[in-house]
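Undergrad: Next comes protein_7.txt, compact mmCIF, C-alpha atoms:
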```
# COMPACT_ATOMS: atom_id res chain seq x y z
CA MET A 15 -127.17 47.14 -32.34
CA SER A 16 -129.18 50.33 -31.78
CA SER A 17 -128.55 50.15 -28.01
CA ALA A 18 -124.75 50.23 -28.36
CA VAL A 19 -123.05 53.57 -27.71
CA ARG A 20 -122.42 55.07 -31.12
CA TYR A 21 -121.70 58.69 -30.16
CA LEU A 22 -120.17 60.45 -27.17
CA VAL A 23 -121.45 64.02 -26.90
CA PHE A 24 -119.05 65.87 -24.64
CA ASP A 25 -118.11 69.20 -23.11
CA VAL A 26 -115.12 70.29 -21.04
CA GLU A 27 -114.79 73.17 -18.59
CA PRO A 28 -111.25 74.19 -17.56
CA ALA A 29 -109.56 76.36 -14.98
CA ALA A 30 -106.15 77.99 -15.05
CA ASP A 31 -103.05 76.52 -13.45
CA ALA A 32 -102.17 79.60 -11.41
CA ALA A 33 -98.74 78.27 -10.44
CA LEU A 34 -97.85 77.78 -14.10
CA VAL A 35 -99.03 81.30 -14.90
CA ALA A 36 -96.83 82.69 -12.11
CA LYS A 37 -93.80 80.70 -13.23
CA LEU A 38 -93.98 81.50 -16.94
CA ARG A 39 -95.66 84.90 -17.16
CA TYR A 40 -93.90 86.51 -14.19
CA ALA A 41 -90.61 84.65 -13.95
CA GLY A 42 -88.25 86.15 -11.39
CA GLU A 43 -90.98 88.05 -9.58
CA SER A 44 -91.99 87.20 -6.03
CA ILE A 45 -95.67 86.79 -6.76
CA GLU A 46 -98.22 84.34 -5.38
CA PRO A 47 -100.03 82.13 -7.93
CA ALA A 48 -103.44 83.62 -7.16
CA GLU A 49 -102.14 87.14 -7.66
CA ALA A 50 -100.34 86.12 -10.85
CA LEU A 51 -103.58 84.76 -12.27
CA ARG A 52 -105.51 87.88 -11.27
CA ARG A 53 -102.88 90.09 -12.90
CA TYR A 54 -102.81 87.97 -16.08
CA ARG A 55 -106.60 88.14 -16.41
CA VAL A 56 -106.50 91.94 -16.08
CA GLU A 57 -103.85 92.09 -18.82
CA LEU A 58 -105.90 89.82 -21.08
CA MET A 59 -109.00 91.94 -20.58
CA GLU A 60 -107.13 95.14 -21.40
CA LYS A 61 -105.63 93.66 -24.55
CA HIS A 62 -108.35 91.34 -25.85
CA GLN A 63 -111.56 92.47 -24.09
CA THR A 64 -111.78 89.02 -22.48
CA ASP A 65 -110.02 87.60 -19.43
CA PHE A 66 -110.29 83.99 -20.63
CA VAL A 67 -106.92 82.34 -20.07
CA PRO A 68 -105.50 80.39 -23.07
CA TYR A 69 -106.11 76.65 -22.85
CA THR A 70 -102.37 75.96 -22.72
CA PHE A 71 -102.41 77.31 -19.15
CA GLN A 72 -105.51 75.33 -18.18
CA THR A 73 -106.54 71.87 -16.96
CA PRO A 74 -110.02 70.29 -16.93
CA VAL A 75 -112.25 70.81 -13.90
CA ALA A 76 -115.38 69.31 -15.49
CA ILE A 77 -115.91 66.77 -18.26
CA ALA A 78 -119.49 65.77 -19.06
CA VAL A 79 -120.29 63.03 -21.55
CA GLY A 80 -123.62 62.06 -23.10
CA LYS A 81 -123.88 58.48 -24.32
CA VAL A 82 -125.96 58.23 -27.49
CA ALA A 83 -127.08 55.07 -29.24
CA GLY A 84 -127.06 54.40 -32.97
CA ASP A 85 -130.75 55.34 -33.15
CA MET A 86 -129.79 58.78 -31.78
CA ARG A 87 -131.46 58.22 -28.40
CA LEU A 88 -129.71 59.54 -25.30
CA GLN A 89 -128.81 56.77 -22.87
CA ASP A 90 -127.13 58.72 -20.08
CA VAL A 91 -125.16 61.84 -19.18
CA VAL A 92 -122.26 61.47 -16.75
CA VAL A 93 -119.73 63.84 -15.23
CA LEU A 94 -116.36 62.18 -14.82
CA ASP A 95 -114.70 61.49 -11.47
CA GLU A 96 -117.66 62.75 -9.45
CA PRO A 97 -117.44 64.08 -6.74
CA GLN A 98 -113.64 64.54 -6.58
CA PHE A 99 -113.31 66.02 -10.11
CA ARG A 100 -109.56 65.44 -10.29
CA ALA A 101 -108.08 66.65 -13.57
CA HIS A 102 -105.79 63.67 -14.18
CA VAL A 103 -108.50 61.12 -13.35
CA MET A 104 -111.14 62.86 -15.48
CA THR A 105 -108.79 63.01 -18.43
CA ASP A 106 -107.88 59.35 -18.08
CA HIS A 107 -111.54 58.31 -17.78
CA PHE A 108 -112.44 60.27 -20.91
CA TRP A 109 -109.85 58.63 -23.13
CA ARG A 110 -110.22 55.16 -21.57
CA GLY A 111 -113.99 55.44 -21.96
CA TRP A 112 -113.64 56.25 -25.64
CA GLU A 113 -111.61 53.08 -26.06
CA ALA A 114 -113.92 50.98 -23.85
CA TYR A 115 -116.92 51.87 -26.01
CA ARG A 116 -114.94 50.88 -29.11
CA ARG A 117 -114.09 54.40 -30.24
CA PRO A 118 -117.52 55.92 -30.87
CA THR A 119 -117.80 59.18 -32.76
CA LEU A 120 -117.08 62.18 -30.55
CA VAL A 121 -119.57 65.04 -30.85
CA SER A 122 -118.86 68.58 -29.66
CA PHE A 123 -119.56 72.23 -30.33
CA ASN A 124 -116.25 73.92 -31.15
CA GLY A 125 -114.41 70.92 -29.74
CA ARG A 126 -111.84 70.99 -32.49
CA GLY A 127 -110.76 74.48 -31.54
CA PHE A 128 -110.85 74.07 -27.77
CA ASP A 129 -112.06 70.93 -25.96
CA LEU A 130 -109.98 68.35 -27.81
CA PRO A 131 -106.72 70.36 -27.77
CA LEU A 132 -107.27 70.84 -24.04
CA LEU A 133 -107.80 67.09 -23.53
CA GLU A 134 -104.81 66.22 -25.67
CA LEU A 135 -102.60 68.63 -23.73
CA ALA A 136 -103.96 67.20 -20.48
CA ALA A 137 -102.94 63.72 -21.66
CA PHE A 138 -99.47 65.12 -22.36
CA ARG A 139 -99.33 66.74 -18.94
CA PHE A 140 -100.49 63.63 -17.06
CA GLY A 141 -98.44 61.06 -18.97
CA LEU A 142 -101.30 59.24 -20.69
CA SER A 143 -100.80 57.06 -23.76
CA LEU A 144 -103.38 57.52 -26.55
CA PRO A 145 -102.23 55.41 -29.51
CA GLY A 146 -105.79 54.91 -30.74
CA TRP A 147 -106.35 58.65 -31.04
CA PHE A 148 -102.90 59.61 -32.28
CA GLN A 149 -102.83 57.22 -35.22
CA THR A 150 -100.17 58.21 -37.70
CA SER A 151 -100.33 55.28 -40.08
CA GLY A 152 -102.59 55.08 -43.11
CA LYS A 153 -104.12 57.90 -45.09
CA SER A 154 -104.04 61.24 -43.32
CA PHE A 155 -107.75 61.96 -43.87
CA GLU A 156 -108.65 58.64 -42.20
CA GLN A 157 -106.70 59.40 -39.01
CA PRO A 158 -108.93 60.28 -36.02
CA ARG A 159 -107.41 63.75 -35.60
CA SER A 160 -108.02 64.73 -39.22
CA ARG A 161 -110.20 67.83 -39.41
CA TYR A 162 -112.45 66.23 -42.00
CA ASN A 163 -112.83 62.78 -40.42
CA MET A 164 -116.41 62.99 -39.20
CA GLN A 165 -116.44 59.33 -38.27
CA ALA A 166 -114.02 60.14 -35.45
CA HIS A 167 -115.28 63.59 -34.41
CA ILE A 168 -118.24 65.74 -35.41
CA ASP A 169 -117.67 69.35 -34.45
CA LEU A 170 -121.12 70.88 -34.86
CA CYS A 171 -119.67 74.39 -35.09
CA GLU A 172 -117.52 73.34 -38.03
CA LEU A 173 -120.48 71.60 -39.64
CA LEU A 174 -122.63 74.72 -39.37
CA THR A 175 -119.87 77.01 -40.68
CA ASN A 176 -118.56 74.78 -43.49
CA PHE A 177 -115.33 74.14 -41.56
CA GLY A 178 -114.74 77.71 -40.54
CA ALA A 179 -115.77 79.47 -43.74
CA THR A 180 -117.97 81.74 -41.60
CA ARG A 181 -118.20 82.74 -37.94
CA PHE A 182 -121.00 81.23 -35.85
CA THR A 183 -121.80 84.35 -33.86
CA GLY A 184 -123.76 83.37 -30.75
CA GLY A 185 -122.21 79.93 -30.43
CA LEU A 186 -123.92 76.98 -28.76
CA ASN A 187 -126.16 79.35 -26.80
CA LEU A 188 -127.70 80.67 -30.02
CA ALA A 189 -128.01 77.25 -31.67
CA ALA A 190 -129.79 75.83 -28.61
CA ASN A 191 -132.14 78.81 -28.32
CA VAL A 192 -133.13 78.53 -31.97
CA LEU A 193 -134.45 75.09 -31.01
CA GLY A 194 -136.22 76.39 -27.91
CA LYS A 195 -133.71 74.92 -25.48
CA PRO A 196 -132.29 76.87 -22.52
CA GLY A 197 -128.77 77.54 -23.72
CA LYS A 198 -126.76 79.50 -21.16
CA MET A 199 -128.70 79.88 -17.92
CA ASP A 200 -127.32 81.15 -14.61
CA VAL A 201 -123.72 80.27 -15.48
CA GLN A 202 -121.62 81.55 -18.38
CA GLY A 203 -118.27 80.20 -19.49
CA ASP A 204 -116.42 83.29 -18.30
CA MET A 205 -117.69 82.63 -14.76
CA VAL A 206 -116.07 79.21 -14.40
CA GLN A 207 -112.66 80.38 -13.14
CA ASP A 208 -114.20 82.41 -10.31
CA MET A 209 -116.54 79.53 -9.43
CA VAL A 210 -113.60 77.13 -9.21
CA ASP A 211 -111.70 79.60 -7.04
CA ALA A 212 -114.75 79.69 -4.76
CA GLY A 213 -114.81 75.89 -4.51
CA LYS A 214 -117.99 75.47 -6.58
CA LEU A 215 -116.84 72.45 -8.58
CA ALA A 216 -120.19 70.68 -8.36
CA GLU A 217 -121.96 73.71 -9.84
CA VAL A 218 -119.42 73.89 -12.66
CA ASN A 219 -120.08 70.24 -13.45
CA ASP A 220 -123.84 70.88 -13.46
CA TYR A 221 -123.22 73.65 -15.99
CA CYS A 222 -121.18 71.21 -18.06
CA ARG A 223 -124.06 68.69 -18.02
CA CYS A 224 -126.42 71.32 -19.39
CA ASP A 225 -123.99 72.21 -22.18
CA VAL A 226 -123.97 68.53 -23.16
CA LEU A 227 -127.78 68.51 -23.29
CA ASP A 228 -127.78 71.62 -25.51
CA THR A 229 -125.14 70.04 -27.73
CA TYR A 230 -127.17 66.83 -27.99
CA PHE A 231 -130.30 68.65 -29.17
CA VAL A 232 -128.28 70.63 -31.72
CA PHE A 233 -126.73 67.33 -32.85
CA LEU A 234 -130.19 65.84 -33.40
CA ARG A 235 -131.24 68.74 -35.61
CA THR A 236 -128.08 68.45 -37.72
CA ARG A 237 -128.98 64.80 -38.33
CA VAL A 238 -132.32 66.02 -39.69
CA MET A 239 -130.49 68.54 -41.87
CA LEU A 240 -128.17 65.82 -43.21
CA GLY A 241 -131.10 63.53 -44.04
CA GLN A 242 -130.12 60.94 -41.43
CA LEU A 243 -133.15 61.48 -39.19
CA ALA A 244 -136.75 62.34 -40.00
CA LEU A 245 -138.12 65.48 -38.35
CA ASP A 246 -141.00 63.54 -36.76
CA THR A 247 -138.51 61.04 -35.34
CA GLU A 248 -136.36 63.84 -33.96
CA GLN A 249 -139.38 65.34 -32.21
CA GLN A 250 -140.29 61.94 -30.74
CA ILE A 251 -136.73 61.45 -29.46
CA ILE A 252 -136.80 64.93 -27.89
CA ALA A 253 -140.06 64.08 -26.10
CA GLU A 254 -138.52 60.85 -24.83
CA THR A 255 -135.44 62.73 -23.63
CA LYS A 256 -137.58 65.26 -21.77
CA ALA A 257 -139.40 62.39 -20.03
CA TRP A 258 -136.02 60.87 -19.11
CA LEU A 259 -134.87 64.18 -17.63
CA GLU A 260 -138.09 64.41 -15.61
CA ARG A 261 -137.47 60.96 -14.14
CA LYS A 262 -133.91 61.93 -13.21
CA ALA A 263 -134.64 65.46 -11.98
CA ASP A 264 -134.88 64.50 -8.31
CA GLU A 265 -131.39 62.96 -8.49
CA VAL A 266 -129.62 65.66 -10.52
CA THR A 267 -130.25 69.33 -9.75
CA ALA A 268 -129.01 70.38 -13.18
CA TYR A 269 -131.83 68.51 -14.89
CA ARG A 270 -134.50 70.30 -12.86
CA GLN A 271 -132.91 73.64 -13.71
CA TYR A 272 -132.78 72.67 -17.36
CA LEU A 273 -136.43 71.59 -17.37
CA ASP A 274 -137.47 74.83 -15.64
CA ARG A 275 -136.08 76.73 -18.66
CA TRP A 276 -137.23 74.17 -21.22
CA GLY A 277 -138.85 75.41 -24.40
CA ASP A 278 -140.27 73.54 -27.38
CA TRP A 279 -139.17 74.26 -30.91
CA PRO A 280 -141.71 76.57 -32.61
CA ASN A 281 -142.63 74.32 -35.52
CA PRO A 282 -143.62 76.54 -38.47
CA TRP A 283 -144.99 73.57 -40.40
CA ALA A 284 -147.49 72.76 -37.67
CA ALA A 285 -148.49 76.42 -37.41
CA SER A 286 -149.30 76.59 -41.13
CA GLU A 287 -151.45 73.47 -41.23
```
Go through the file and emit its structure as structure tokens.
TA:
Amino acid sequence: MSSAVRYLVFDVEPAADAALVAKLRYAGESIEPAEALRRYRVELMEKHQTDFVPYTFQTPVAIAVGKVAGDMRLQDVVVLDEPQFRAHVMTDHFWRGWEAYRRPTLVSFNGRGFDLPLLELAAFRFGLSLPGWFQTSGKSFEQPRSRYNMQAHIDLCELLTNFGATRFTGGLNLAANVLGKPGKMDVQGDMVQDMVDAGKLAEVNDYCRCDVLDTYFVFLRTRVMLGQLALDTEQQIIAETKAWLERKADEVTAYRQYLDRWGDWPNPWAASE
């Protein structure tokens, strides 16, 4: 059925566990968690020119999921455990939702290198059982966690780089902008930790929603590239999605912000006709 959920386009935003940072990075020192995190970020910046804390020290603070039907049309975008945004509940809802929708294909941008390891580690941390995801029987390339099993997970970054043969400089922001979509707007990924510290969880989740929309539009174009979707059909679906966002914009602030920065793909074929 074309209306059944066939794909789950998702994005995760994390924040550091400051207490864990204090315990492991500065063992034996009398240091408050907040100060430990500040100090660790300074050290990371000095050494790596980024203060982004490794995912092993992080837990989810936002998980947004776009439900996509078999005909590639977007049905809904949800942020999990709204408005509490509790890490253990969000993680549970993500994995239980994947099972409830009969294990649709997960779609991400760089999810293999970040989002999924973070969600797997969160399941470990919170005592969740994921036998459907951690299948160990059968052929290795058929198991959901196999890098090359695109029935279980399509990482668009890996698709566009031939599974890491090249670097995709510019990331999702570049891919979305190539298609005329907003990409990164007022919030960047490196701002999330400070926003969480300031209690701006709702704003972080709005940012996560917009990343899912960008990922969805990039996903549509890859289906054109793979010969699974006609270009005219893709453009029709995009128009329908824009109309859907306009209907929802009064309910969800993030959609209005996204529409305010909306751009249409500059179609070179139409320009040459």
Undergrad: Enter the distance from atom CA of Asp228 of chain A to atom CA of Leu215 of chain A, in Å, rounded to one decimal.
TA: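 Those two atoms sit 20.2 Å apart.
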Undergrad: Given only C-alpha atoms as the basis, pick out the residue of A:Lys81, A:Arg235, A:Arg159, A:Arg100 nearest to Ala136 of chain A.
TA: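 With only C-alpha atoms as the atom set, the closest residue is A:Arg100.
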Undergrad: With a cut-off of 10 Å, could you pull out the residues of segment 17-112 of chain A touching segment 164-184 of chain A and give me the nearest pair of atoms for each, distance in Å to one decimal, using only C-alpha atoms, ordered by chain and ascending number, as CSV?
TA:
```
residue,atom,partner,partner_atom,distance
A:Tyr21,CA,A:His167,CA,9.1
A:Leu22,CA,A:His167,CA,9.3
A:Val23,CA,A:Ile168,CA,9.3
```
Undergrad: Return the single residue from A:Leu135, A:Val201, A:Leu273, A:Leu34 that is closest to Leu227 of chain A, with distances computed using only C-alpha atoms.
TA: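 Of all the options, A:Leu273 lies closest to Leu227 of chain A.
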Undergrad: Could you check how far atom CA of Pro97 of chain A sits from atom CA of Leu186 of chain A, in Å to one decimal?
TA: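 The value is 26.3 Å.
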Undergrad: Would you mind telling me which residue in A:Cys222, A:Ala114, A:Ala101, A:Met205 lies nearest to Leu133 of chain A when using all atoms listed in the file?
TA: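 The shortest atom-to-atom distance to Leu133 of chain A comes from A:Ala101.
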Undergrad: Return the single residue from A:Asn191, A:Gln149, A:Thr73, A:Thr105 that is closest to Glu27 of chain A, with distances computed using all atoms listed in the file.
TA: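 For Glu27 of chain A, the nearest of the given residues is A:Thr73.
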Undergrad: Compare A:Arg20, A:Glu260, A:Arg275, A:Leu188 by their minimum atom-to-atom distance to Met86 of chain A, counting only C-alpha atoms, and give me the closest one.
TA: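 Among the listed residues, the smallest separation from Met86 of chain A belongs to A:Arg20.
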Undergrad: Identify, on the basis of all atoms listed in the file, every residue whose closest approach to His102 of chain A does not exceed 9 Å; exclude the query and any residue fewer than 4 positions from it along the same chain; express the result as a PyMOL selection string.
TA: chain A and resi 73-74+106-107+136-137+139-140
Undergrad: Output C-alpha atoms for every residue in the selection just made, as an mmCIF file, in the coordinates of the input.
TA:
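Final file, again32.cif:
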```
data_model
loop_
_atom_site.group_PDB
_atom_site.id
_atom_site.type_symbol
_atom_site.label_atom_id
_atom_site.label_comp_id
_atom_site.auth_asym_id
_atom_site.auth_seq_id
_atom_site.Cartn_x
_atom_site.Cartn_y
_atom_site.Cartn_z
ATOM 1 C CA THR A 73 -106.540 71.870 -16.960
ATOM 2 C CA PRO A 74 -110.020 70.290 -16.930
ATOM 3 C CA ASP A 106 -107.880 59.350 -18.080
ATOM 4 C CA HIS A 107 -111.540 58.310 -17.780
ATOM 5 C CA ALA A 136 -103.960 67.200 -20.480
ATOM 6 C CA ALA A 137 -102.940 63.720 -21.660
ATOM 7 C CA ARG A 139 -99.330 66.740 -18.940
ATOM 8 C CA PHE A 140 -100.490 63.630 -17.060
#
```
Undergrad: Find, counting all atoms listed in the file, the residue in A:Glu46, A:Val218, A:Asp85, A:Val192 that gets nearest to Arg237 of chain A.
TA: A:Asp85
Undergrad: So that I can check the surroundings of segment 247-259 of chain A, please list as an MDAnalysis selection string every protein, DNA and RNA residue that reaches within 12 Å of it, counting all atoms listed in the file and ignoring chain neighbours fewer than 6 positions away.
TA: chainID A and resid 80 82:83 85:91 193:195 223:224 227:228 230:239 241 265:281
Undergrad: Can you work out the spacing between atom CA of Ala48 of chain A and atom CA of Val210 of chain A in Å, to one decimal?
TA: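 Separation between atom CA of Ala48 of chain A and atom CA of Val210 of chain A: 12.2 Å.
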Undergrad: Excluding Val26 of chain A and residues on its chain fewer than 4 positions from it, collect all residues at most 9 Å away from it, counting only C-alpha atoms, and give them as a ChimeraX atom specification.
TA: /A:74-79,125,128-130,132-133,222
